[in-house]
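What's in final.csv: CSV, C-alpha atoms and all ligand atoms
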```csv
chain,number,residue,atom,x,y,z
A,751,MET,CA,19.4,1.2,-29.2
A,752,ASP,CA,15.8,0.1,-30.0
A,753,THR,CA,13.1,0.5,-27.5
A,754,LEU,CA,12.7,-3.2,-26.9
A,755,SER,CA,16.4,-3.6,-25.8
A,756,ILE,CA,16.0,-0.5,-23.6
A,757,LYS,CA,13.0,-2.2,-22.0
A,758,SER,CA,14.7,-5.5,-21.3
A,759,LYS,CA,17.8,-3.8,-19.9
A,760,ILE,CA,15.8,-1.7,-17.5
A,761,ARG,CA,13.7,-4.7,-16.4
A,762,GLN,CA,16.9,-6.8,-15.8
A,763,GLN,CA,18.4,-4.0,-13.8
A,764,ALA,CA,15.2,-3.7,-11.7
A,765,PHE,CA,15.4,-7.4,-10.9
A,766,ASP,CA,19.2,-7.0,-10.1
A,767,ILE,CA,18.3,-4.2,-7.7
A,768,GLY,CA,15.8,-6.5,-6.0
A,769,PHE,CA,12.4,-5.5,-7.4
A,770,SER,CA,10.0,-8.5,-8.0
A,771,LYS,CA,8.2,-7.1,-11.1
A,772,CYS,CA,8.6,-4.3,-13.5
A,773,GLY,CA,6.1,-3.1,-16.1
A,774,PHE,CA,5.8,-0.2,-18.6
A,775,ALA,CA,2.8,2.0,-19.6
A,776,VAL,CA,2.3,4.8,-22.0
A,777,SER,CA,1.9,8.2,-20.3
A,778,ARG,CA,-1.7,9.2,-21.0
A,779,PHE,CA,-4.8,10.4,-19.1
A,780,LEU,CA,-6.6,7.5,-17.4
A,781,THR,CA,-10.0,9.0,-17.7
A,782,SER,CA,-12.2,6.2,-16.3
A,783,ASP,CA,-10.0,5.8,-13.2
A,784,PHE,CA,-10.2,9.5,-12.7
A,785,GLU,CA,-14.0,9.3,-12.8
A,786,HIS,CA,-14.0,6.4,-10.2
A,787,TYR,CA,-11.6,8.4,-8.1
A,788,LYS,CA,-13.6,11.6,-8.2
A,789,LYS,CA,-16.8,9.7,-7.2
A,790,GLN,CA,-15.1,8.2,-4.2
A,791,ILE,CA,-13.7,11.5,-3.1
A,792,ALA,CA,-17.1,13.2,-3.5
A,793,LEU,CA,-18.6,10.5,-1.2
A,794,GLY,CA,-16.0,11.4,1.4
A,795,PHE,CA,-14.3,7.9,1.3
A,796,HIS,CA,-10.9,9.6,1.9
A,797,ALA,CA,-11.9,10.6,5.5
A,798,ASP,CA,-9.6,13.4,6.5
A,799,MET,CA,-6.8,12.6,4.1
A,800,LEU,CA,-7.5,15.9,2.4
A,801,TYR,CA,-4.3,15.8,0.4
A,802,LEU,CA,-6.1,13.2,-1.8
A,803,GLU,CA,-8.4,16.0,-3.0
A,804,LYS,CA,-5.5,18.1,-4.2
A,805,GLU,CA,-4.4,17.9,-7.9
A,806,ALA,CA,-6.5,14.8,-8.3
A,807,GLU,CA,-6.2,14.8,-12.1
A,808,LYS,CA,-2.4,14.7,-11.9
A,809,ARG,CA,-2.6,11.2,-10.3
A,810,PHE,CA,-4.0,9.8,-13.6
A,811,HIS,CA,-2.3,12.2,-16.0
A,812,PRO,CA,1.5,12.2,-15.8
A,813,LEU,CA,1.8,14.9,-18.5
A,814,LEU,CA,0.5,17.3,-15.8
A,815,VAL,CA,3.4,16.3,-13.6
A,816,HIS,CA,5.8,17.1,-16.4
A,817,PRO,CA,5.0,17.7,-20.0
A,818,ASP,CA,7.8,15.6,-21.4
A,819,ILE,CA,6.8,12.3,-19.7
A,820,ARG,CA,6.3,9.5,-22.2
A,821,THR,CA,6.5,6.3,-20.1
A,822,VAL,CA,5.4,5.2,-16.7
A,823,ILE,CA,7.7,2.5,-15.3
A,824,VAL,CA,6.1,0.6,-12.4
A,825,LEU,CA,8.0,-1.5,-9.9
A,826,LEU,CA,6.6,-4.0,-7.4
A,827,ALA,CA,8.5,-5.5,-4.5
A,828,GLY,CA,7.0,-8.5,-2.7
A,829,TYR,CA,7.1,-8.0,1.1
A,830,LYS,CA,5.9,-11.3,2.5
A,831,THR,CA,8.6,-12.6,4.8
A,832,ASN,CA,8.4,-15.4,7.3
A,833,ALA,CA,8.1,-12.8,10.1
A,834,ARG,CA,5.7,-13.8,12.8
A,835,GLN,CA,5.0,-12.1,16.0
A,836,LYS,CA,5.5,-14.2,19.2
A,837,ASP,CA,2.6,-16.2,20.5
A,838,GLY,CA,2.3,-14.0,23.6
A,839,ALA,CA,2.4,-10.7,21.6
A,840,PHE,CA,-1.4,-10.2,21.8
A,841,TYR,CA,-1.2,-6.8,20.0
A,842,SER,CA,-0.9,-7.3,16.2
A,843,ILE,CA,1.1,-5.2,13.8
A,844,SER,CA,0.3,-5.6,10.1
A,845,ASP,CA,2.9,-7.4,8.0
A,846,TYR,CA,4.2,-4.4,6.2
A,847,ALA,CA,5.3,-2.8,9.5
A,848,LEU,CA,7.2,-5.8,10.7
A,849,ILE,CA,9.9,-5.0,8.1
A,850,PRO,CA,12.0,-1.8,7.5
A,851,ASP,CA,10.1,1.2,6.2
A,852,TYR,CA,9.2,0.6,2.6
A,853,HIS,CA,9.3,4.3,1.8
A,854,LYS,CA,13.0,4.4,2.4
A,855,ILE,CA,13.8,1.0,0.9
A,856,MET,CA,11.7,1.4,-2.3
A,857,LYS,CA,13.0,5.0,-2.7
A,858,GLU,CA,16.6,3.8,-2.6
A,859,GLY,CA,15.8,1.1,-5.2
A,860,LEU,CA,14.0,3.6,-7.5
A,861,GLN,CA,16.9,6.0,-7.2
A,862,LYS,CA,19.4,3.3,-8.2
A,863,LEU,CA,17.2,2.4,-11.2
A,864,SER,CA,16.9,6.0,-12.2
A,865,CYS,CA,20.6,6.5,-12.1
A,866,PHE,CA,21.0,3.5,-14.3
A,867,ILE,CA,18.4,4.8,-16.8
A,868,GLU,CA,20.1,8.3,-16.8
A,869,ASN,CA,23.6,6.9,-17.4
A,870,GLU,CA,22.7,4.2,-19.9
A,871,PHE,CA,20.0,5.9,-21.9
A,872,HIS,CA,20.5,9.6,-21.2
A,873,SER,CA,16.9,10.2,-20.0
A,874,ASP,CA,16.6,13.9,-19.0
A,875,VAL,CA,13.5,13.7,-16.9
A,876,LEU,CA,13.1,11.0,-14.3
A,877,ILE,CA,10.7,11.4,-11.4
A,878,ASN,CA,10.3,8.8,-8.6
A,879,PHE,CA,7.3,8.1,-6.5
A,880,VAL,CA,6.5,5.8,-3.7
A,881,ASP,CA,3.3,6.3,-1.8
A,882,THR,CA,3.4,10.0,-1.0
A,883,GLY,CA,3.5,11.6,-4.5
A,884,HIS,CA,0.6,12.7,-6.7
A,885,ILE,CA,0.4,9.4,-8.6
A,886,SER,CA,-2.3,6.7,-8.3
A,887,GLU,CA,0.1,3.8,-8.0
A,888,LYS,CA,-2.4,0.9,-8.3
A,889,ALA,CA,-4.0,2.3,-11.5
A,890,TRP,CA,-0.6,2.7,-13.1
A,891,ALA,CA,0.5,-0.8,-12.0
A,892,ARG,CA,-2.6,-2.2,-13.8
A,893,GLU,CA,-1.8,-0.1,-16.9
A,894,ALA,CA,1.7,-1.6,-16.9
A,895,GLY,CA,0.3,-5.1,-16.9
A,896,LEU,CA,1.3,-6.1,-13.4
A,897,GLY,CA,-2.1,-6.8,-11.9
A,898,ASN,CA,-5.6,-5.4,-11.4
A,899,PHE,CA,-7.7,-3.9,-8.6
A,900,GLY,CA,-9.0,-6.5,-6.2
A,901,LYS,CA,-12.5,-6.0,-4.6
A,902,ASN,CA,-10.6,-4.8,-1.5
A,903,SER,CA,-9.2,-2.0,-3.8
A,904,ILE,CA,-5.7,-3.3,-3.5
A,905,LEU,CA,-3.6,-4.2,-6.5
A,906,LEU,CA,-3.9,-8.0,-6.9
A,907,THR,CA,-1.5,-10.0,-9.1
A,908,PRO,CA,-1.6,-13.7,-9.9
A,909,GLU,CA,1.1,-14.0,-7.2
A,910,GLY,CA,-1.0,-12.2,-4.5
A,911,SER,CA,-1.2,-8.7,-3.2
A,912,TYR,CA,1.6,-8.4,-0.7
A,913,PHE,CA,3.6,-6.0,-3.0
A,914,PHE,CA,4.6,-2.4,-2.5
A,915,ILE,CA,4.4,-0.2,-5.6
A,916,GLY,CA,6.9,2.3,-6.8
A,917,VAL,CA,6.8,4.4,-10.0
A,918,ILE,CA,9.3,6.2,-12.3
A,919,LEU,CA,8.1,8.7,-14.8
A,920,THR,CA,10.5,9.2,-17.7
A,921,ASP,CA,10.8,11.1,-21.0
A,922,LEU,CA,12.1,7.9,-22.8
A,923,VAL,CA,9.7,6.3,-25.3
A,924,ILE,CA,9.5,2.6,-24.4
A,925,ILE,CA,7.2,-0.1,-25.9
A,926,PRO,CA,4.5,-0.5,-23.3
A,927,ASP,CA,3.2,-3.8,-21.7
A,928,GLU,CA,-0.4,-4.7,-22.2
A,929,ALA,CA,-2.7,-3.4,-19.5
A,930,PHE,CA,-3.9,-6.1,-17.1
A,931,ASP,CA,-7.6,-6.3,-17.7
A,932,GLU,CA,-8.6,-9.7,-16.2
A,933,ASP,CA,-10.7,-9.5,-13.1
A,934,LEU,CA,-9.0,-11.9,-10.7
A,935,CYS,CA,-11.8,-11.7,-8.1
A,936,LYS,CA,-14.6,-13.0,-10.3
A,937,ASN,CA,-17.4,-14.1,-7.9
A,938,CYS,CA,-15.3,-14.1,-4.8
A,939,ASP,CA,-16.3,-11.6,-2.1
A,940,LEU,CA,-14.4,-13.0,0.9
A,941,CYS,CA,-12.7,-9.7,1.5
A,942,ILE,CA,-16.0,-7.8,1.6
A,943,LYS,CA,-17.5,-10.4,3.9
A,944,SER,CA,-14.5,-10.6,6.2
A,945,CYS,CA,-14.0,-6.9,6.9
A,946,PRO,CA,-15.1,-6.5,10.5
A,947,THR,CA,-16.2,-2.9,9.9
A,948,GLN,CA,-17.7,-3.3,6.5
A,949,ALA,CA,-15.3,-0.8,5.1
A,950,ILE,CA,-15.5,-2.2,1.6
A,951,HIS,CA,-18.5,-0.2,0.6
A,952,GLN,CA,-18.9,-1.8,-2.8
A,953,PRO,CA,-16.5,-4.0,-4.8
A,954,TYR,CA,-13.2,-2.0,-5.5
A,955,ALA,CA,-14.1,0.9,-3.2
A,956,VAL,CA,-13.0,1.3,0.4
A,957,ASP,CA,-14.5,3.8,2.7
A,958,ALA,CA,-11.5,4.9,4.8
A,959,ARG,CA,-13.8,6.3,7.5
A,960,LEU,CA,-14.6,2.6,8.3
A,961,CYS,CA,-11.2,1.1,7.6
A,962,ILE,CA,-9.2,-0.1,10.6
A,963,SER,CA,-6.0,0.5,8.7
A,964,TYR,CA,-7.0,4.2,8.3
A,965,HIS,CA,-7.9,4.6,12.0
A,966,THR,CA,-4.8,2.9,13.4
A,967,ILE,CA,-2.3,4.6,10.9
A,968,GLU,CA,-3.7,7.9,9.6
A,969,ASN,CA,-6.4,9.2,12.0
A,970,LYS,CA,-4.9,12.0,14.1
A,971,GLY,CA,-7.8,12.3,16.6
A,972,HIS,CA,-10.0,9.9,18.5
A,973,ILE,CA,-10.9,6.5,17.1
A,974,PRO,CA,-14.7,6.3,17.0
A,975,SER,CA,-16.4,3.7,19.2
A,976,ASN,CA,-17.9,1.8,16.3
A,977,ILE,CA,-14.4,1.1,15.1
A,978,ILE,CA,-12.9,0.3,18.5
A,979,GLU,CA,-15.7,-2.3,19.0
A,980,LYS,CA,-14.4,-4.1,15.9
A,981,ILE,CA,-10.7,-3.4,16.2
A,982,GLY,CA,-9.7,-6.8,17.4
A,983,THR,CA,-6.0,-6.8,18.4
A,984,GLN,CA,-4.8,-4.6,15.6
A,985,ILE,CA,-2.6,-1.7,16.8
A,986,TYR,CA,-1.1,-0.7,13.4
A,987,GLY,CA,-2.7,-1.3,10.0
A,988,CYS,CA,-4.9,-4.2,9.0
A,989,ASP,CA,-4.4,-7.1,6.7
A,990,ILE,CA,-7.7,-8.9,7.1
A,991,CYS,CA,-8.9,-8.2,3.5
A,992,GLN,CA,-5.6,-9.5,2.2
A,993,LYS,CA,-5.3,-12.5,4.5
A,994,VAL,CA,-8.6,-14.0,3.4
A,995,CYS,CA,-7.8,-13.5,-0.3
A,996,PRO,CA,-7.3,-16.9,-2.0
A,997,TRP,CA,-4.6,-15.4,-4.2
A,998,ASN,CA,-2.6,-14.7,-1.1
A,999,ARG,CA,-2.5,-18.3,0.1
A,1000,HIS,CA,0.9,-19.0,-1.4
A,1001,GLN,CA,2.6,-15.8,-2.3
A,1002,THR,CA,6.0,-16.9,-3.6
A,1003,VAL,CA,7.3,-13.9,-5.4
A,1004,ASN,CA,9.1,-12.0,-2.7
A,1005,SER,CA,11.8,-9.4,-2.8
A,1006,VAL,CA,15.3,-9.6,-1.2
A,1007,LEU,CA,14.9,-6.0,-0.2
A,1008,PHE,CA,12.9,-6.8,2.9
A,1009,SER,CA,13.7,-8.8,6.0
A,1010,PRO,CA,12.0,-9.0,9.4
A,1011,LEU,CA,12.7,-6.6,12.3
A,1012,PRO,CA,13.5,-8.9,15.3
A,1013,PRO,CA,12.9,-6.2,18.0
A,1014,LEU,CA,9.3,-6.1,17.0
A,1015,LEU,CA,8.7,-9.8,16.5
A,1016,ASP,CA,10.0,-10.6,20.0
A,1017,MET,CA,7.7,-8.2,21.9
A,1018,LYS,CA,5.2,-9.7,24.4
A,1019,ALA,CA,1.9,-8.1,25.5
A,1020,GLU,CA,3.6,-6.4,28.5
A,1021,ASP,CA,6.4,-5.1,26.4
A,1022,PHE,CA,3.8,-3.3,24.1
A,1023,GLU,CA,2.1,-1.8,27.1
A,1024,SER,CA,5.2,-0.5,28.8
A,1025,VAL,CA,6.8,1.4,25.8
A,1026,THR,CA,7.8,4.8,27.0
A,1027,GLU,CA,8.4,7.8,24.7
A,1028,THR,CA,12.1,7.1,24.5
A,1029,ASP,CA,11.6,3.3,24.0
A,1030,PHE,CA,9.2,4.1,21.2
A,1031,ARG,CA,11.8,5.6,18.9
A,1032,GLU,CA,14.3,3.0,19.8
A,1033,ARG,CA,12.0,0.1,19.2
A,1034,PHE,CA,10.2,1.4,16.1
A,1035,HIS,CA,12.7,3.6,14.3
A,1036,GLU,CA,13.2,1.2,11.4
A,1037,SER,CA,9.5,0.4,11.0
A,1038,PRO,CA,6.9,2.7,9.3
A,1039,MET,CA,5.2,2.5,12.7
A,1040,VAL,CA,7.5,5.2,13.9
A,1041,ARG,CA,5.4,7.7,12.0
A,1042,LEU,CA,2.6,7.2,14.6
A,1043,GLY,CA,4.5,8.9,17.4
A,1044,HIS,CA,4.2,7.7,21.0
A,1045,ARG,CA,0.9,9.5,21.7
A,1046,ARG,CA,-1.1,7.8,18.9
A,1047,TYR,CA,0.7,4.5,19.6
A,1048,MET,CA,-0.6,4.6,23.2
A,1049,ARG,CA,-4.0,5.6,21.9
A,1050,ASN,CA,-4.1,2.4,19.7
A,1051,ILE,CA,-2.8,0.2,22.6
A,1052,GLU,CA,-5.5,1.6,24.9
A,1053,ALA,CA,-8.3,1.0,22.3
A,1054,VAL,CA,-7.3,-2.6,21.9
A,1055,LYS,CA,-6.7,-3.1,25.6
A,1056,ASN,CA,-10.0,-1.6,26.7
A,1057,MET,CA,-11.9,-3.6,24.1
A,1058,ALA,CA,-10.3,-6.8,25.2
A,1059,ALA,CA,-11.1,-6.0,28.9
A,1060,THR,CA,-14.8,-5.4,27.9
A,1061,GLU,CA,-14.9,-8.6,26.0
A,1062,ARG,CA,-13.5,-10.5,29.0
A,1063,LYS,CA,-16.1,-8.9,31.4
A,1064,ARG,CA,-19.0,-10.1,29.3
A,1065,PRO,CA,-20.9,-12.9,31.2
A,1066,TYR,CA,-21.1,-15.2,28.1
A,1101,LIG,C1,-4.6,6.8,0.8
A,1101,LIG,C2,-4.0,5.4,0.9
A,1101,LIG,C3,-4.5,4.5,1.9
A,1101,LIG,C4,-5.8,4.8,2.7
A,1101,LIG,C5,-7.0,4.6,1.8
A,1101,LIG,C6,-7.0,3.2,1.1
A,1101,LIG,C7,-7.6,3.2,-0.2
A,1101,LIG,N1,-8.3,2.0,-0.5
A,1101,LIG,O1,-7.5,4.1,-1.0
A,1101,LIG,C8,-5.6,3.9,3.9
A,1101,LIG,C9,-4.9,4.5,5.0
A,1101,LIG,C10,-6.9,3.3,4.4
A,1101,LIG,C11,-4.7,2.8,3.3
A,1101,LIG,C12,-4.7,1.5,3.8
A,1101,LIG,C13,-3.8,0.5,3.2
A,1101,LIG,N2,-2.9,0.7,2.3
A,1101,LIG,CO1,-2.6,2.4,1.3
A,1101,LIG,N3,-2.3,3.8,0.2
A,1101,LIG,C14,-2.9,5.0,0.0
A,1101,LIG,C15,-2.3,5.8,-1.1
A,1101,LIG,C16,-1.4,6.8,-0.5
A,1101,LIG,C17,-3.4,6.5,-2.1
A,1101,LIG,C18,-4.5,5.6,-2.5
A,1101,LIG,C19,-5.7,6.4,-3.0
A,1101,LIG,O2,-5.5,7.3,-3.8
A,1101,LIG,N4,-6.8,6.2,-2.4
A,1101,LIG,C20,-8.0,7.0,-2.7
A,1101,LIG,C21,-9.0,6.1,-3.4
A,1101,LIG,C22,-10.3,6.8,-3.7
A,1101,LIG,O3,-8.4,5.7,-4.6
A,1101,LIG,P1,-8.2,4.2,-5.1
A,1101,LIG,O4,-8.5,3.2,-4.1
A,1101,LIG,O5,-6.9,4.1,-5.8
A,1101,LIG,O6,-9.4,4.3,-6.2
A,1101,LIG,C23,-9.4,3.4,-7.3
A,1101,LIG,C24,-10.2,2.2,-7.1
A,1101,LIG,O7,-11.2,2.4,-6.1
A,1101,LIG,C25,-10.8,2.0,-8.5
A,1101,LIG,N5,-12.3,1.8,-8.6
A,1101,LIG,C26,-13.2,2.4,-7.9
A,1101,LIG,N6,-14.4,1.9,-8.3
A,1101,LIG,C27,-14.2,1.0,-9.2
A,1101,LIG,C28,-15.1,0.2,-9.9
A,1101,LIG,C29,-14.6,-0.6,-10.9
A,1101,LIG,C30,-15.5,-1.4,-11.7
A,1101,LIG,C31,-13.2,-0.7,-11.0
A,1101,LIG,C32,-12.6,-1.7,-12.0
A,1101,LIG,C33,-12.3,0.1,-10.3
A,1101,LIG,C34,-12.8,0.9,-9.4
A,1101,LIG,O8,-10.7,3.2,-9.2
A,1101,LIG,C35,-10.1,4.2,-8.4
A,1101,LIG,C36,-9.1,5.0,-9.3
A,1101,LIG,O9,-8.2,4.1,-9.9
A,1101,LIG,C37,-1.6,4.7,-1.9
A,1101,LIG,C38,-0.3,5.1,-2.6
A,1101,LIG,C39,-0.6,5.9,-3.9
A,1101,LIG,N7,0.0,7.1,-4.0
A,1101,LIG,O10,-1.3,5.5,-4.7
A,1101,LIG,C40,-1.3,3.6,-0.8
A,1101,LIG,C41,-1.3,2.1,-1.2
A,1101,LIG,C42,-2.5,1.9,-2.0
A,1101,LIG,N8,-1.5,1.5,0.1
A,1101,LIG,C43,-0.9,0.4,0.2
A,1101,LIG,C44,-1.0,-0.5,1.3
A,1101,LIG,C45,0.0,-1.7,1.4
A,1101,LIG,C46,-2.1,-0.4,2.3
A,1101,LIG,C47,-2.5,-1.4,3.3
A,1101,LIG,C48,-2.5,-2.9,2.9
A,1101,LIG,C49,-1.7,-1.2,4.6
A,1101,LIG,C50,-2.1,-2.0,5.8
A,1101,LIG,N9,-1.7,-3.3,5.9
A,1101,LIG,O11,-2.9,-1.6,6.6
A,1101,LIG,C51,-4.0,-0.9,3.6
A,1101,LIG,C52,-5.0,-1.6,2.7
A,1101,LIG,C53,-6.4,-1.1,3.0
A,1101,LIG,C54,-7.3,-1.2,1.7
A,1101,LIG,N10,-8.1,-2.3,1.6
A,1101,LIG,O12,-7.2,-0.4,0.9
A,1101,LIG,C55,-0.1,0.0,-1.0
A,1101,LIG,C56,-0.9,-1.0,-1.8
A,1101,LIG,C57,-0.1,-2.0,-2.6
A,1101,LIG,C58,-1.0,-2.9,-3.4
A,1101,LIG,N11,-0.6,-4.1,-3.6
A,1101,LIG,O13,-2.0,-2.4,-3.9
A,1101,LIG,C59,0.0,1.4,-1.7
A,1101,LIG,C60,0.0,1.4,-3.2
A,1101,LIG,C61,1.3,2.1,-1.2
A,1101,LIG,C62,2.5,1.5,-1.9
A,1101,LIG,N12,3.3,2.4,-2.5
A,1101,LIG,O14,2.8,0.4,-2.0
A,1101,LIG,N13,-4.0,3.3,2.2
```
For this file, write the structure as structure tokens.
Ligand code: B12
Amino acid sequence: MDTLSIKSKIRQQAFDIGFSKCGFAVSRFLTSDFEHYKKQIALGFHADMLYLEKEAEKRFHPLLVHPDIRTVIVLLAGYKTNARQKDGAFYSISDYALIPDYHKIMKEGLQKLSCFIENEFHSDVLINFVDTGHISEKAWAREAGLGNFGKNSILLTPEGSYFFIGVILTDLVIIPDEAFDEDLCKNCDLCIKSCPTQAIHQPYAVDARLCISYHTIENKGHIPSNIIEKIGTQIYGCDICQKVCPWNRHQTVNSVLFSPLPPLLDMKAEDFESVTETDFRERFHESPMVRLGHRRYMRNIEAVKNMAATERKRPY
């Protein structure tokens, strides 16, 4: 079978599984991305996510992951649903945590697609990644023609940025798509201006030490006071730099893989505050929020609650 038919069959199968977009890139060393990446790590923008320092080159050089890799297949799944928290919720959860954990859902989809590729085209090497692997997913998505970095550093497509990314490395030679080289942001800097903590240090580079998403999801210790002052009502993740993006006004390409989690949407302020350790697992077991654990969940609740109380006490 010629490589063009292989490509269209894989793409069709990806859509049948429920992915929204599928692109193909040649396995090579993305040197300029590696340079940008190294600069950001040297500046300490990765906060205490020290795993990002390890095997940095591999993220941009799949042949270091496995010497037989020829093609990088990138899958996107749109996750914008009509999920909205109740009016009285007060505490906000970012959109990606109001739906089942994407690590599990994306991984299942990638595995199905890998099985298909193995059975149909006898690929011997197939390696899947979603989020946690040594692969820079946004850079590969751009290479596979699916979108480009936005100034908020997130992969932005002409259909918006509310997409998860998954990657399959394979030894099959497949005609690549053209890399996406258009800058979709142009003169717009709404995300930079809207970030309450000025975490977007310069266009395309986020300093995680200032990012509300980092502090409410990844930070294992105390949240610094300069972040708490600007935390708003966010107890898990942050979507501000995506919400203000003009490309996100009408995201229409969404995946059937994700549907809202009603137990989270129905929570009111008092329900959030009274979650015990046992309730925590029950309530959040399907959401990526379960990774926080009850201790850090309460830390985030307290940060938002105390800030709101201080705001209320102010005499103006
Ligand atoms: C670490 C990480 C984080 C960290 C750091 C964020 C960051 N900006 O890197 C924290 C915890 C803060 C985070 C937050 C979020 N994350 Co996150 N995160 C990751 C992870 C695991 C690694 C990213 C990474 O390597 N960061 C380190 C920095 C140094 O690398 P980088 O941003 O890729 O650097 C590139 C650009 O800066 C660019 N660049 C730098 N300078 C310049 C200059 C020019 C001119 C150009 C063109 C480019 C350029 O080049 C670098 C190399 O390519 C990826 C999954 C993965 N394995 O790739 C998910 C991932 C990026 N996250 C994701 C999501 C959904 C989020 C959140 C939206 C979640 C939320 N709602 O709170 C926020 C968004 C915050 C933001 N504005 O970035 C998705 C993004 C999907 C998409 N459409 O892009 C990913 C891909 C996970 C997935 N599998 O879907 N995340």
Distance filter 7 Å around ligand LIG 1101 (chain A), atoms: only C-alpha atoms and all ligand atoms, out as number ranges by chain
A: 783-784, 786-787, 790-791, 795-796, 802, 844-846, 880-889, 899, 902-906, 911-916, 953-956, 958, 961, 963-964, 967-968, 987-989, 991
Length of the atom CA of A:Ile849 to atom CA of A:Leu1007 vector [Å]:
9.7 Å
Between A:Ser770, A:Ser873, A:Gln952, A:Asn969, which is the closest to A:Ile918 once you count only C-alpha atoms?
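Selected residue with least distance to A:Ile918: A:Ser873.
Interatomic distance, atom CA of A:Gly1043 to atom CA of A:Glu1023: 14.6 Å.
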Extract, using all atoms listed in the file, all DNA, RNA and protein residues at most 12 Å from A:Glu858, discarding same-chain residues fewer than 2 positions from it, and format them as a PyMOL selection string.
chain A and resi 764+767-769+851-856+860-865+878-880+916+1007
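Using only C-alpha atoms, the nearest neighbour of A:Lys1055 within the list A:Ile985, A:Val1025, A:Ile990, A:Leu825 is A:Ile985.
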Skip A:Leu940 itself and residues of its chain fewer than 3 positions away, then list as a VMD selection string all residues within 7 Å of it, counting all atoms listed in the file.
chain A and resid 943 to 944 994 to 995
For stretch 1045-1050 of chain A: contacts at 12 Å, only C-alpha atoms, fewer than 6 positions along chain excluded, given as number ranges by chain:
A: 841-843, 962-974, 977-978, 981-987, 1022-1031, 1034, 1039, 1056-1057
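Between atom CA of A:Ala891 and atom CA of A:Asp931 the interatomic distance comes to 11.3 Å.
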Write out as a PyMOL selection string each polymer residue whose atoms come within 12 Å of A:Pro1013, counting only C-alpha atoms; drop sequence neighbours fewer than 6 positions from it.
chain A and resi 833-836+839+847-850+1021-1022+1029-1037
Skip A:His811 itself and residues of its chain fewer than 3 positions away, then list as JSON, numbers by chain all residues within 7 Å of it, counting all atoms listed in the file.
{"A": [778, 779, 780, 807, 808, 814]}
Based on the selection just made, write C-alpha atoms of those residues as a PDB file, keeping the file's coordinate frame.
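New file result34.pdb:
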```pdb
ATOM      1  CA  ARG A 778      -1.700   9.200 -21.000  1.00  0.00           C
ATOM      2  CA  PHE A 779      -4.800  10.400 -19.100  1.00  0.00           C
ATOM      3  CA  LEU A 780      -6.600   7.500 -17.400  1.00  0.00           C
ATOM      4  CA  GLU A 807      -6.200  14.800 -12.100  1.00  0.00           C
ATOM      5  CA  LYS A 808      -2.400  14.700 -11.900  1.00  0.00           C
ATOM      6  CA  LEU A 814       0.500  17.300 -15.800  1.00  0.00           C
TER       7      LEU A 814
END
```
